[in-house]
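Taking it in order: structure first as structure tokens, then the write-up.
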Amino acid sequence: MEDETQDSISYMEDFMRPKIIWGEISDKSKFAFDFRGEYIPEATTFYMRGENIEYLLCALNSSISEWLFSKVGTTTGVGTVRWKKYTVEQLLVGKPTTWEMNNYMIYFNKLKNQNITIEEFEKYCDDFMFQVYKLNEDEIDYIRNREA
């Protein structure tokens, strides 16, 4: 019986580690990074752990992600999107070069150390993801104007 209990709670340490957190229903992508390893007991809150989650925070919060999600996600029927785990997993995420990733981590650490605002970080992420996806000006304008 003790082994069964240990197996069923072995994942609990994952909740104590840094992770990406998001709510299911939102009008925009609103992914947050939990630097402190907290646990949020809310039925419609999702957690993401794994490799490169610092980069995924940027990718998921970008306007490109919102546009891509509009192609695979579902809505509530009243204008908000359901950011369900299985649809978030379907998003295509571009892979940055090592140089791009190193530059991104500088900004991520500025956010972590509260040396930049969330708004500055969000703007950086949009521009960064346009670079990662190698979009031209017309494609960038299309993505940006879709949100307006």
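Labels used: A, B, ... for chains in the order of the structure tokens, numbers from 1 for residues in each chain, and numbers from 1 for ligands as shown.
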Near-range 121-129 of chain A list (10 Å; only C-alpha atoms; drop same-chain fewer than 2 positions) as a VMD selection string: chain A and resid 55 57 to 65 93 to 96 100 to 101 103 to 104 107 to 108 110 to 111 116 to 119 131 to 135 140 144
Those of range 42-137 of chain A in DSSP helix (DSSP H, G or I), formatted as a ChimeraX atom specification: /A:53-61,63-72,85-88,98-112,118-132,137
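Going from CA of Ser26 in chain A to CA of Gln114 in chain A covers 25.1 Å.
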Distance of CA of Phe33 in chain A from CA of Gln90 in chain A, expressed in Å to one decimal place: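 Rounded to one decimal, the two atoms are 20.1 Å apart.
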DSSP strand (DSSP E or B) selection over range 18-131 of chain A, as a PyMOL selection string: chain A and resi 19-23+25-26+32-34+45-48+74-75+81-82
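Between Ile21 in chain A and the residues A:Arg146, A:Arg36, A:Lys71, A:Lys112, the shortest atom-to-atom distance, using only C-alpha atoms, involves A:Arg36.
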Between CA of Gly73 in chain A and CA of Ile143 in chain A, distance in Å (one decimal):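 Separating CA of Gly73 in chain A from CA of Ile143 in chain A is a distance of 16.8 Å.
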